[in-house]
Amino acid sequence: MYREKYIQIKPSPPSDLDSKSLSIWGTWSTLSVKEVAREAVMKGTHLELAKLFLSKKLEVNDINKWFKNEIDAWILDLLLRKQIYRAMHIFGNMGADPFKEMLTIFLDTSYKELRQILGNHLLKHEKLDESHINNWHLLSAIENQFDILMALNKKYISVNLKCIDQESDDWRSNIGTELFFRTFDFHLKTFVNAKTAWSCLLRTNIDLLKYWINLYYNENTPQTIIIAPNLDIENLDQLSQMFQHLKIDEEMIAQVLDEKYSIDQKLKTGILNEFAKFGIFNNCDRNNLLGRIYGYRHAVSHEIQLDEIRNQLMGERDSRKYFLSRLGVRLTDSSGGSSDMSSHSSYGSMANSVGSDFLESDTLDYQTDLLEVLIRCHNSVDPPKALLFASKYYKSSLLAVLANSYEPDSVIMNWVTWLEVSCDIKQSFVNYDSVITTDAVLEMFRHILKNNYFKTLTNSFCIFLPENPVCTFMEFLNEVINFNVDANLQDLLQNFKKKITYWRSNSYISEIDHDMSYFNNKLWIQNTAISLLLMTLQFGFKCFYDQILFLRFLNEIDVSHYFLIDFPDIKTLLKIAEYMYEKQCELTIDLSVIGSKNKYFNAINSYINDLVTKELYEEALDLAQIASVPCDFIIFTQLQNQLEYTETRDEDFWKKWDQIFEKRNISADMVVENYLKFVESVKDKNEIYTILKLAFNWTNKYKLENNFDVEKELWLSFLQLDDYTGKLDQMLSNETFTSLSEYSKELVVIPECYNVLNEIEMEHFEKVIEYTLSNGDIITSLRLERIFGCNSIDLDILKLCLNLVEGTVLPYQLTPRQRLLLNRHNNIKRSTNLRRKTYITPNRISSCASVTSMSSSTLQLYLNDNIVTPSHDTLELLEMLVDNLKSGNSLASKIFKTYRISVNLHTSYKEILECKQPVNILRRALEDYFTNKLEVVSDFIDIFKLKKEEIADLLYAEISTAIAQYSVSKTNSCILWDVINMDVDFNLILQLLPDNCSVLGFKLYYGCNNEFTAGNIVRMTEFLIRCHDCFTADCNMEGISMVLKKCKLFASMLEGMQDYNLMVRLLTGIGRYTEMTYIFHALKQQEQFELLLRKGSRKDGGLKIALLEYLKKYCPDDVELYKIVALHFFLFSEIAELWEQEAVKYTRRIIALAKLEMQNLRLNSDAEPYVLLVNTEDNKKILRKIMTKYSHAAEYHLHGQKLTKAMAAAKQAQLVALQLSLYKDLSQGATAICILNLTSAQISKLVLSDFNFQQILIVIEAYNFEANWANILFEQYLVADRSDFFQSFALSFPITESLVHDISRIYLNSRTITVAISKNMHTILNNLNSLHAKYRIASELGFTDIVEELLNSQQLSYLKDTVWKSGYKNRDD
């Protein structure tokens, strides 16, 4: 009902909302207020609009407060459900810092679980400082201590981290210390100092205080010697280290006697006695001091006596012979003295043949006679069993040793009994009715070592099995766990290896060995030694770090070297342990079972699963990598977890995970399988495409079985994208295509699909084909054609091109479908990038297609009286096919050029295509004689994409050779490649290096020998000319400057050698006449100026102009020389151009002056439609000068046979004359519009002005303006009713059908048709000569009088029946 109530309230939207906002407003009207708020903040858009909507719907005063409270409640709910990333997304959309907001909640909340969730996340991202972390640990400890928590609840309404922070440092220290010694949580260690710890322990734990005192004052004594109190604490070593660093001072010692601590007198004395041991006394009375000293001495004396007794017993116990020699001595301590060999519990009964009734007492103490027990056992039915029973019954391991003297062959049974008694084993391994299996022995070892009886187990081997190699190995282990690491340890291992090397070996160990001979089996001994080593690793050390030290030691000595069987991978295990220690993770693997590979991998995998469950993915991955176990499960679990917390995932998200898969060496099958699973749960088209693209990368790279299926799904997803901008480049193939016939074999394995694309997808498919072909990727196009069974004409053309060049189809074997490809377009446009030869006509192709059975000699074709071979026919067909392409032109060009090279070089197409060293092949080819060398070089560069350095090196070598040959020959020109005149066609060479000619230029420049000699001056000259051409082509001013400097030095040398011909060659070859004026000076001074006018120089236009400029500047009075030059060069056109330049210069000047005048008249020249020229005599003079100069230019152009230019100059002169005519009838100082230098827009307006036809025609012709005469006539004649304009036009131009038709269109579209306009339209129509056009247009315009007149004239009588039925108005133009 609550929801229905609010749904019914639909607040009206504000009037200023746009359409999109109105749509959103309408959608919100169907939602609850909570849903509106959540949707707005989740999307992060339209927040203010949502608040406006909610304020109207809820009618609350402070909508911001309501909105924040609602979102805060939602965020809290998300955090409690561990949807942290979603909550962070909401914070971000709200414009807040997610980590800052989460830290605030972390500090404010009193909810333990929420604090734990936020704390872990903030800690992971390093957003908590040290004080936050310490207070968090303290509060966590307080929450588990009811008394302290209740005290805080009385002070604070809600206990949170802010409460802890508000308390004093002393309070936190006292509480933290007390909690530390309650829980031994080392996270609280930071709160513990010496004074608070002392005060706390005085009140709560005197035993631990004494332990502290002993540790602190026994600096040089190993910690293992100092007896620790019985504490339930795992990290005793860490506690000991802490105590050693906490200083005990006099003030703390004095507190022992402080009455406020209410310490019992006996406890006080005990504490002071601990100090007295180290010579530390408090200021108390002498009597008490002497009493403590006496008590201390007594204690020390008693302790020494006990140590002596214990040592004696242990010495006795280590030798069986000693025990057998003392049978008559009364029995002493049954446990043997060592703490790890003590016994405390009883055992069950032995075999039925021996009972407890033959024993008189239930216990064997220090007063019982050993001889009496021995006699009773000796007199029993089975003395050895009786002794073993007595051993277990009385907890005396000595009796098990004595039993061995009766029955030495039962040493194993006696040994096991001895161990059960000595090590307090509750499960009996001795059963007279069965045997002791190998598994039972290992299980017993495990129990013994788990309870820290390492020394006892070692002694047992020394007593019962001293020759067994395991005994030696146990001695080694017993030393290592005490860190007695020295050279002797490796001696023990060497001894162990020596024993097992020569030990008798059994190849098989039976599961049930009645003789228990496995103790002598070499394989069992080594396996058992390995098991004992691993058990030692698991149970022999008090802390994780000690285990690492043990592993490091084993790795350093390479313990596997001392075994003859496979040994566990200690090195990897060490890496695992070190890594987990570094990450401060608890290692929960049972190290005692990792000797078995299966158990090892199961243990590792189980541990990794635990890490994954805790979301410690990085640690789990690193551990899997170290252990060389598959990490697929970890990766995909982590990804699945992220998918749950991530609502929007872009391409980078998936690429990052794909890189992780690659880095972690996830199997391709597994990656693809999971990608395809993810696709099933994803709805976003772009995301589906991204996933499938990554999946295809894997299937294609590793050639998986489902490669084609994934490829098909990928393309389908791509074709379904609404916008694939930027994605298509990623789909292009990087494979190298060589042969269609070979690649077609690969395409056969791709299953074909038909009719799977809808209309939109098909449209996308066609665009993809077009794009791939345009980018030179025929492989992708072929695969798409095969996958979807769709054809492309462009692709068919390219395939035909490939078939032709590969020789699988001959030019005269084309099928009808292939011939149609030649006639794809009616108008074949000629290719601009291919050199055309003679075409084969379609008729000839058709006639040749049916003669495939004829011999090749009869298939030679004749065109234009030239014999054309099949290769030339193929080239011509290729050109025709390329012209018919819409896309894929670059591919076709490459095919054509490759084939053209093969034809020119008389080699196969395949050899050129598969060429690996194109430059070398090209060099060798250029040494031979053949035509079209430039064409071949250009094709090589295009096909193989030769680098500019490679091209420059090739050209430098070829040019150098050509110049060298020219320098010793008597020819007039330097010829390259037999046909290229470098003076005329060197630009063709430079086109091979577009924008990189300087690379060749520098090679040629540095190829010049700086030591100019008579022998190389010709070569030097040509090199300088060619490198200048290179620099000029690139506009490389630095290179040009370098050449000109060297030319000046070279010219000076030539002048000294009086080689004026080479000076002229250098000057004309370089062509920098202005910069090289010094050569003009030298030639004139040496009276060699006429060399510049030698045969052939007339063609050098630059030289003509340079000579004119030189003569004008330096020889203005040398009329004779000027005439000689003019007559030699026929400089009519150049002089005309000079007149034109002058005219243009004056034109710009007069316009600039006109604009200044307009400013003086306060007119904005930019705002006015035209520049205004003032009617002044100065302006008229300038205009006359301009007109005269254009007239002179026209005259000289006529002399130079430049008719077009002459006409253009004459039209400009007419335009200037028209400008002068505009001053007519104007008063002095009046203005006229300037018709010089008009823009197209200005001309368009001008032709519609009141200018007469002749004036408009002059303007149009002067500017070569494309006039719209239909529009001009409509405005000037029909609208303006200027009949003289039309009459002048009719005298100059014909009245054509198209012109009248265009005018009629304007007439029909005109909104206002006056009588004059209609009349003038009649006049124009009557001037049209075409009766049919006149009839049609008159019908369209509704001019019935003209129509009837035409019909009545009988000239168009055949149209009489149609004119009024359909009319032309209803027909298409």
# chains A, B, ... in the order shown; residues from 1 in each chain; ligands from 1

call {"tool": "residues_around", "arguments": {"residues": "Val1018 in chain A", "least_positions_apart": "5", "cutoff": "9 Å", "atoms": "only C-alpha atoms", "output": "ChimeraX atom specification"}}
result
/A:963-964,966-968,1023,1062

call {"tool": "residues_around", "arguments": {"residues": "range 959-962 of chain A", "least_positions_apart": "5", "cutoff": "9 Å", "atoms": "only C-alpha atoms", "output": "ChimeraX atom specification"}}
result
/A:954,967,974-977,1004,1007,1019,1023

call {"tool": "write_last_selection", "arguments": {"atoms": "N, CA and C atoms", "output": "PDB file, in the first residue's frame"}}
result
ATOM      1  N   LEU A 954      71.079   2.445 -53.172  1.00  0.00           N
ATOM      2  CA  LEU A 954      70.964   1.902 -54.516  1.00  0.00           C
ATOM      3  C   LEU A 954      71.158   2.997 -55.562  1.00  0.00           C
ATOM      4  N   SER A 967      81.991  10.774 -67.488  1.00  0.00           N
ATOM      5  CA  SER A 967      83.192  11.603 -67.367  1.00  0.00           C
ATOM      6  C   SER A 967      84.303  11.173 -68.322  1.00  0.00           C
ATOM      7  N   CYS A 974      74.639  12.845 -69.534  1.00  0.00           N
ATOM      8  CA  CYS A 974      74.859  11.724 -68.612  1.00  0.00           C
ATOM      9  C   CYS A 974      73.602  10.865 -68.603  1.00  0.00           C
ATOM     10  N   ILE A 975      73.732   9.614 -69.015  1.00  0.00           N
ATOM     11  CA  ILE A 975      72.573   8.734 -69.181  1.00  0.00           C
ATOM     12  C   ILE A 975      72.589   7.672 -68.077  1.00  0.00           C
ATOM     13  N   LEU A 976      71.439   7.505 -67.421  1.00  0.00           N
ATOM     14  CA  LEU A 976      71.267   6.483 -66.378  1.00  0.00           C
ATOM     15  C   LEU A 976      70.320   5.416 -66.885  1.00  0.00           C
ATOM     16  N   TRP A 977      70.674   4.164 -66.659  1.00  0.00           N
ATOM     17  CA  TRP A 977      69.827   3.024 -67.022  1.00  0.00           C
ATOM     18  C   TRP A 977      69.461   3.050 -68.510  1.00  0.00           C
ATOM     19  N   LEU A1004      75.656  12.018 -52.066  1.00  0.00           N
ATOM     20  CA  LEU A1004      76.356  12.569 -53.227  1.00  0.00           C
ATOM     21  C   LEU A1004      77.318  13.682 -52.816  1.00  0.00           C
ATOM     22  N   GLY A1007      80.225  12.298 -51.265  1.00  0.00           N
ATOM     23  CA  GLY A1007      80.937  11.515 -52.266  1.00  0.00           C
ATOM     24  C   GLY A1007      81.880  12.355 -53.103  1.00  0.00           C
ATOM     25  N   ARG A1019      83.526  14.750 -62.852  1.00  0.00           N
ATOM     26  CA  ARG A1019      82.742  13.971 -61.868  1.00  0.00           C
ATOM     27  C   ARG A1019      82.279  14.851 -60.723  1.00  0.00           C
ATOM     28  N   PHE A1023      78.424  15.632 -59.624  1.00  0.00           N
ATOM     29  CA  PHE A1023      77.986  15.304 -58.261  1.00  0.00           C
ATOM     30  C   PHE A1023      77.365  16.521 -57.585  1.00  0.00           C
TER      31      PHE A1023
END

call {"tool": "atom_distance", "arguments": {"atom1": "CA of Gln1085 in chain A", "atom2": "CA of His1128 in chain A"}}
result
20.8 Å

call {"tool": "residues_around", "arguments": {"residues": "Lys1334 in chain A", "least_positions_apart": "5", "cutoff": "10 Å", "atoms": "only C-alpha atoms", "output": "VMD selection string"}}
result
chain A and resid 1297 1300 to 1301 1324 to 1329 1339 to 1340 1346 to 1347 1350

call {"tool": "write_last_selection", "arguments": {"atoms": "all heavy atoms", "output": "JSON list (two decimals), in the first residue's frame"}}
result
[["chain", "number", "residue", "atom", "x", "y", "z"],
["A", 1297, "GLU", "N", 18.06, 25.15, -75.56],
["A", 1297, "GLU", "CA", 16.98, 24.46, -74.84],
["A", 1297, "GLU", "C", 17.27, 24.41, -73.34],
["A", 1297, "GLU", "O", 16.38, 24.65, -72.53],
["A", 1297, "GLU", "CB", 16.85, 23.05, -75.41],
["A", 1297, "GLU", "CG", 15.78, 22.21, -74.72],
["A", 1297, "GLU", "CD", 15.73, 20.80, -75.28],
["A", 1297, "GLU", "OE1", 16.26, 20.57, -76.38],
["A", 1297, "GLU", "OE2", 15.13, 19.93, -74.61],
["A", 1300, "VAL", "N", 16.67, 27.88, -71.67],
["A", 1300, "VAL", "CA", 15.24, 28.20, -71.49],
["A", 1300, "VAL", "C", 14.64, 27.30, -70.42],
["A", 1300, "VAL", "O", 13.81, 27.74, -69.62],
["A", 1300, "VAL", "CB", 14.51, 28.05, -72.84],
["A", 1300, "VAL", "CG1", 13.01, 28.31, -72.66],
["A", 1300, "VAL", "CG2", 15.09, 29.00, -73.87],
["A", 1301, "HIS", "N", 15.07, 26.03, -70.40],
["A", 1301, "HIS", "CA", 14.55, 25.11, -69.38],
["A", 1301, "HIS", "C", 14.91, 25.62, -67.98],
["A", 1301, "HIS", "O", 14.08, 25.62, -67.07],
["A", 1301, "HIS", "CB", 15.13, 23.71, -69.60],
["A", 1301, "HIS", "CG", 14.72, 22.72, -68.56],
["A", 1301, "HIS", "ND1", 15.44, 22.51, -67.42],
["A", 1301, "HIS", "CD2", 13.63, 21.90, -68.47],
["A", 1301, "HIS", "CE1", 14.85, 21.62, -66.68],
["A", 1301, "HIS", "NE2", 13.74, 21.21, -67.30],
["A", 1324, "ILE", "N", 11.10, 34.97, -74.48],
["A", 1324, "ILE", "CA", 12.23, 34.05, -74.47],
["A", 1324, "ILE", "C", 11.86, 32.71, -75.08],
["A", 1324, "ILE", "O", 12.60, 32.13, -75.89],
["A", 1324, "ILE", "CB", 12.73, 33.84, -73.02],
["A", 1324, "ILE", "CG1", 13.39, 35.12, -72.50],
["A", 1324, "ILE", "CG2", 13.73, 32.69, -72.93],
["A", 1324, "ILE", "CD1", 13.81, 35.06, -71.05],
["A", 1325, "LEU", "N", 10.64, 32.23, -74.74],
["A", 1325, "LEU", "CA", 10.20, 30.93, -75.25],
["A", 1325, "LEU", "C", 10.03, 30.97, -76.76],
["A", 1325, "LEU", "O", 10.33, 30.01, -77.47],
["A", 1325, "LEU", "CB", 8.91, 30.51, -74.55],
["A", 1325, "LEU", "CG", 8.48, 29.05, -74.71],
["A", 1325, "LEU", "CD1", 9.58, 28.12, -74.21],
["A", 1325, "LEU", "CD2", 7.19, 28.78, -73.92],
["A", 1326, "ASN", "N", 9.55, 32.10, -77.26],
["A", 1326, "ASN", "CA", 9.35, 32.23, -78.71],
["A", 1326, "ASN", "C", 10.68, 32.28, -79.46],
["A", 1326, "ASN", "O", 10.73, 32.00, -80.67],
["A", 1326, "ASN", "CB", 8.53, 33.48, -79.02],
["A", 1326, "ASN", "CG", 7.06, 33.28, -78.67],
["A", 1326, "ASN", "OD1", 6.54, 32.17, -78.80],
["A", 1326, "ASN", "ND2", 6.38, 34.34, -78.23],
["A", 1327, "ASN", "N", 11.75, 32.65, -78.75],
["A", 1327, "ASN", "CA", 13.07, 32.70, -79.39],
["A", 1327, "ASN", "C", 13.77, 31.34, -79.40],
["A", 1327, "ASN", "O", 14.89, 31.22, -79.89],
["A", 1327, "ASN", "CB", 13.98, 33.71, -78.68],
["A", 1327, "ASN", "CG", 13.72, 35.13, -79.14],
["A", 1327, "ASN", "OD1", 14.29, 35.59, -80.11],
["A", 1327, "ASN", "ND2", 12.83, 35.82, -78.43],
["A", 1328, "LEU", "N", 13.12, 30.33, -78.81],
["A", 1328, "LEU", "CA", 13.69, 28.98, -78.79],
["A", 1328, "LEU", "C", 13.43, 28.30, -80.13],
["A", 1328, "LEU", "O", 12.29, 28.27, -80.60],
["A", 1328, "LEU", "CB", 13.08, 28.17, -77.64],
["A", 1328, "LEU", "CG", 13.61, 26.76, -77.44],
["A", 1328, "LEU", "CD1", 15.10, 26.78, -77.11],
["A", 1328, "LEU", "CD2", 12.85, 26.07, -76.30],
["A", 1329, "ASN", "N", 14.46, 27.77, -80.73],
["A", 1329, "ASN", "CA", 14.33, 27.16, -82.07],
["A", 1329, "ASN", "C", 13.72, 25.77, -82.01],
["A", 1329, "ASN", "O", 13.02, 25.36, -82.93],
["A", 1329, "ASN", "CB", 15.71, 27.10, -82.74],
["A", 1329, "ASN", "CG", 16.23, 28.49, -83.05],
["A", 1329, "ASN", "OD1", 15.45, 29.40, -83.36],
["A", 1329, "ASN", "ND2", 17.53, 28.67, -82.98],
["A", 1339, "SER", "N", 3.92, 23.77, -72.20],
["A", 1339, "SER", "CA", 2.95, 22.95, -71.47],
["A", 1339, "SER", "C", 3.19, 23.03, -69.97],
["A", 1339, "SER", "O", 2.25, 23.13, -69.18],
["A", 1339, "SER", "CB", 3.03, 21.50, -71.94],
["A", 1339, "SER", "OG", 2.73, 21.41, -73.31],
["A", 1340, "GLU", "N", 4.49, 22.97, -69.58],
["A", 1340, "GLU", "CA", 4.79, 23.04, -68.14],
["A", 1340, "GLU", "C", 4.39, 24.39, -67.56],
["A", 1340, "GLU", "O", 3.90, 24.46, -66.44],
["A", 1340, "GLU", "CB", 6.30, 22.82, -67.94],
["A", 1340, "GLU", "CG", 6.77, 21.42, -68.23],
["A", 1340, "GLU", "CD", 8.27, 21.30, -68.09],
["A", 1340, "GLU", "OE1", 8.94, 22.34, -68.02],
["A", 1340, "GLU", "OE2", 8.77, 20.16, -68.05],
["A", 1346, "ILE", "N", 0.79, 29.41, -76.74],
["A", 1346, "ILE", "CA", 1.92, 28.92, -77.52],
["A", 1346, "ILE", "C", 1.68, 27.46, -77.90],
["A", 1346, "ILE", "O", 1.99, 27.03, -79.02],
["A", 1346, "ILE", "CB", 3.22, 29.07, -76.72],
["A", 1346, "ILE", "CG1", 3.50, 30.55, -76.48],
["A", 1346, "ILE", "CG2", 4.39, 28.41, -77.41],
["A", 1346, "ILE", "CD1", 4.75, 30.79, -75.62],
["A", 1347, "VAL", "N", 1.11, 26.68, -76.97],
["A", 1347, "VAL", "CA", 0.85, 25.27, -77.25],
["A", 1347, "VAL", "C", -0.13, 25.12, -78.41],
["A", 1347, "VAL", "O", 0.07, 24.34, -79.35],
["A", 1347, "VAL", "CB", 0.32, 24.56, -75.99],
["A", 1347, "VAL", "CG1", -0.15, 23.15, -76.32],
["A", 1347, "VAL", "CG2", 1.37, 24.54, -74.91],
["A", 1350, "LEU", "N", 1.39, 25.98, -81.70],
["A", 1350, "LEU", "CA", 2.24, 24.92, -82.22],
["A", 1350, "LEU", "C", 1.42, 23.77, -82.77],
["A", 1350, "LEU", "O", 1.75, 23.18, -83.82],
["A", 1350, "LEU", "CB", 3.18, 24.40, -81.12],
["A", 1350, "LEU", "CG", 4.26, 25.38, -80.67],
["A", 1350, "LEU", "CD1", 5.00, 24.82, -79.44],
["A", 1350, "LEU", "CD2", 5.27, 25.59, -81.80]]

call {"tool": "residues_around", "arguments": {"residues": "range 705-716 of chain A", "least_positions_apart": "2", "cutoff": "9 Å", "atoms": "only C-alpha atoms", "output": "list in words"}}
result
Val672, Leu676, Ile688, Tyr689, Thr690, Ile691, Leu692, Lys693, Ala695, Phe696, Trp698, Thr699, Asn700, Tyr702, Lys703, Phe718, Leu719, Gln720, Leu721, Met731, Val749, Ile750, Pro751, Val756, Leu757, Glu761, Leu784, Ile787 and Phe788 of chain A

call {"tool": "residues_around", "arguments": {"residues": "Ile448 in chain A", "least_positions_apart": "6", "cutoff": "10 Å", "atoms": "only C-alpha atoms", "output": "short mmCIF file (atom, residue, chain, number, x, y, z; two decimals) with all heavy atoms, in the first residue's frame"}}
result
data_model
loop_
_atom_site.label_atom_id
_atom_site.label_comp_id
_atom_site.auth_asym_id
_atom_site.auth_seq_id
_atom_site.Cartn_x
_atom_site.Cartn_y
_atom_site.Cartn_z
N ASP A 340 62.74 -34.96 27.78
CA ASP A 340 61.97 -35.46 26.65
C ASP A 340 61.83 -36.97 26.67
O ASP A 340 61.31 -37.56 25.76
CB ASP A 340 62.60 -35.00 25.33
CG ASP A 340 63.95 -35.66 25.10
OD1 ASP A 340 64.44 -36.30 26.03
OD2 ASP A 340 64.48 -35.51 23.98
N LEU A 419 60.42 -47.44 23.26
CA LEU A 419 59.95 -46.13 22.80
C LEU A 419 58.58 -45.79 23.37
O LEU A 419 58.32 -44.65 23.75
CB LEU A 419 59.89 -46.12 21.27
CG LEU A 419 61.21 -45.92 20.54
CD1 LEU A 419 61.03 -46.11 19.05
CD2 LEU A 419 61.80 -44.54 20.83
N GLU A 420 57.69 -46.82 23.45
CA GLU A 420 56.36 -46.56 23.99
C GLU A 420 56.43 -46.08 25.43
O GLU A 420 55.71 -45.19 25.85
CB GLU A 420 55.50 -47.82 23.88
CG GLU A 420 55.09 -48.17 22.47
CD GLU A 420 54.22 -49.40 22.42
OE1 GLU A 420 54.05 -50.05 23.49
OE2 GLU A 420 53.69 -49.71 21.34
N SER A 422 59.22 -44.79 26.98
CA SER A 422 60.00 -43.56 27.13
C SER A 422 59.29 -42.33 26.60
O SER A 422 59.50 -41.22 27.09
CB SER A 422 61.35 -43.71 26.41
OG SER A 422 62.08 -44.79 26.95
N CYS A 423 58.46 -42.55 25.61
CA CYS A 423 57.84 -41.39 24.95
C CYS A 423 56.37 -41.24 25.28
O CYS A 423 55.66 -40.47 24.60
CB CYS A 423 58.02 -41.50 23.44
SG CYS A 423 59.73 -41.57 22.93
N ASP A 424 55.91 -42.02 26.24
CA ASP A 424 54.53 -41.86 26.69
C ASP A 424 53.53 -42.03 25.53
O ASP A 424 52.64 -41.22 25.32
CB ASP A 424 54.35 -40.49 27.34
CG ASP A 424 53.02 -40.39 28.09
OD1 ASP A 424 52.43 -41.43 28.40
OD2 ASP A 424 52.59 -39.25 28.34
N ILE A 425 53.72 -43.10 24.76
CA ILE A 425 52.83 -43.37 23.63
C ILE A 425 51.63 -44.15 24.14
O ILE A 425 51.79 -45.25 24.69
CB ILE A 425 53.56 -44.15 22.53
CG1 ILE A 425 54.76 -43.34 22.02
CG2 ILE A 425 52.62 -44.50 21.39
CD1 ILE A 425 55.59 -44.06 20.99
N LEU A 442 56.12 -45.66 10.97
CA LEU A 442 56.14 -44.24 10.62
C LEU A 442 55.14 -43.45 11.46
O LEU A 442 55.41 -42.32 11.86
CB LEU A 442 55.83 -44.06 9.13
CG LEU A 442 56.93 -44.51 8.17
CD1 LEU A 442 56.47 -44.35 6.73
CD2 LEU A 442 58.21 -43.73 8.40
N PHE A 454 62.70 -35.94 20.35
CA PHE A 454 63.75 -36.14 19.34
C PHE A 454 64.96 -36.86 19.92
O PHE A 454 65.48 -37.81 19.34
CB PHE A 454 64.16 -34.77 18.77
CG PHE A 454 63.16 -34.17 17.85
CD1 PHE A 454 62.12 -33.37 18.32
CD2 PHE A 454 63.21 -34.43 16.49
CE1 PHE A 454 61.20 -32.83 17.48
CE2 PHE A 454 62.29 -33.89 15.63
CZ PHE A 454 61.27 -33.08 16.13
N THR A 456 65.10 -38.72 22.56
CA THR A 456 64.72 -40.08 22.95
C THR A 456 64.76 -41.01 21.75
O THR A 456 65.27 -42.14 21.84
CB THR A 456 63.31 -40.07 23.57
OG1 THR A 456 63.29 -39.16 24.65
CG2 THR A 456 62.92 -41.45 24.04
N LEU A 457 64.21 -40.57 20.61
CA LEU A 457 64.21 -41.41 19.42
C LEU A 457 65.64 -41.67 18.96
O LEU A 457 65.98 -42.80 18.57
CB LEU A 457 63.41 -40.73 18.30
CG LEU A 457 63.29 -41.52 16.99
CD1 LEU A 457 62.63 -42.88 17.24
CD2 LEU A 457 62.50 -40.73 15.96
N MET A 535 59.28 -34.82 9.24
CA MET A 535 58.64 -34.71 10.55
C MET A 535 59.39 -33.73 11.44
O MET A 535 58.78 -32.98 12.21
CB MET A 535 58.56 -36.09 11.21
CG MET A 535 57.63 -37.08 10.53
SD MET A 535 57.69 -38.70 11.33
CE MET A 535 56.80 -39.70 10.14
N PHE A 539 57.65 -30.68 13.26
CA PHE A 539 57.44 -30.67 14.71
C PHE A 539 58.66 -30.23 15.51
O PHE A 539 58.55 -30.03 16.72
CB PHE A 539 57.05 -32.08 15.19
CG PHE A 539 55.89 -32.67 14.44
CD1 PHE A 539 56.03 -33.86 13.73
CD2 PHE A 539 54.65 -32.04 14.42
CE1 PHE A 539 54.97 -34.42 13.04
CE2 PHE A 539 53.58 -32.60 13.74
CZ PHE A 539 53.74 -33.77 13.04
#

call {"tool": "atom_distance", "arguments": {"atom1": "CA of Glu1022 in chain A", "atom2": "CA of Val1064 in chain A"}}
result
12.3 Å
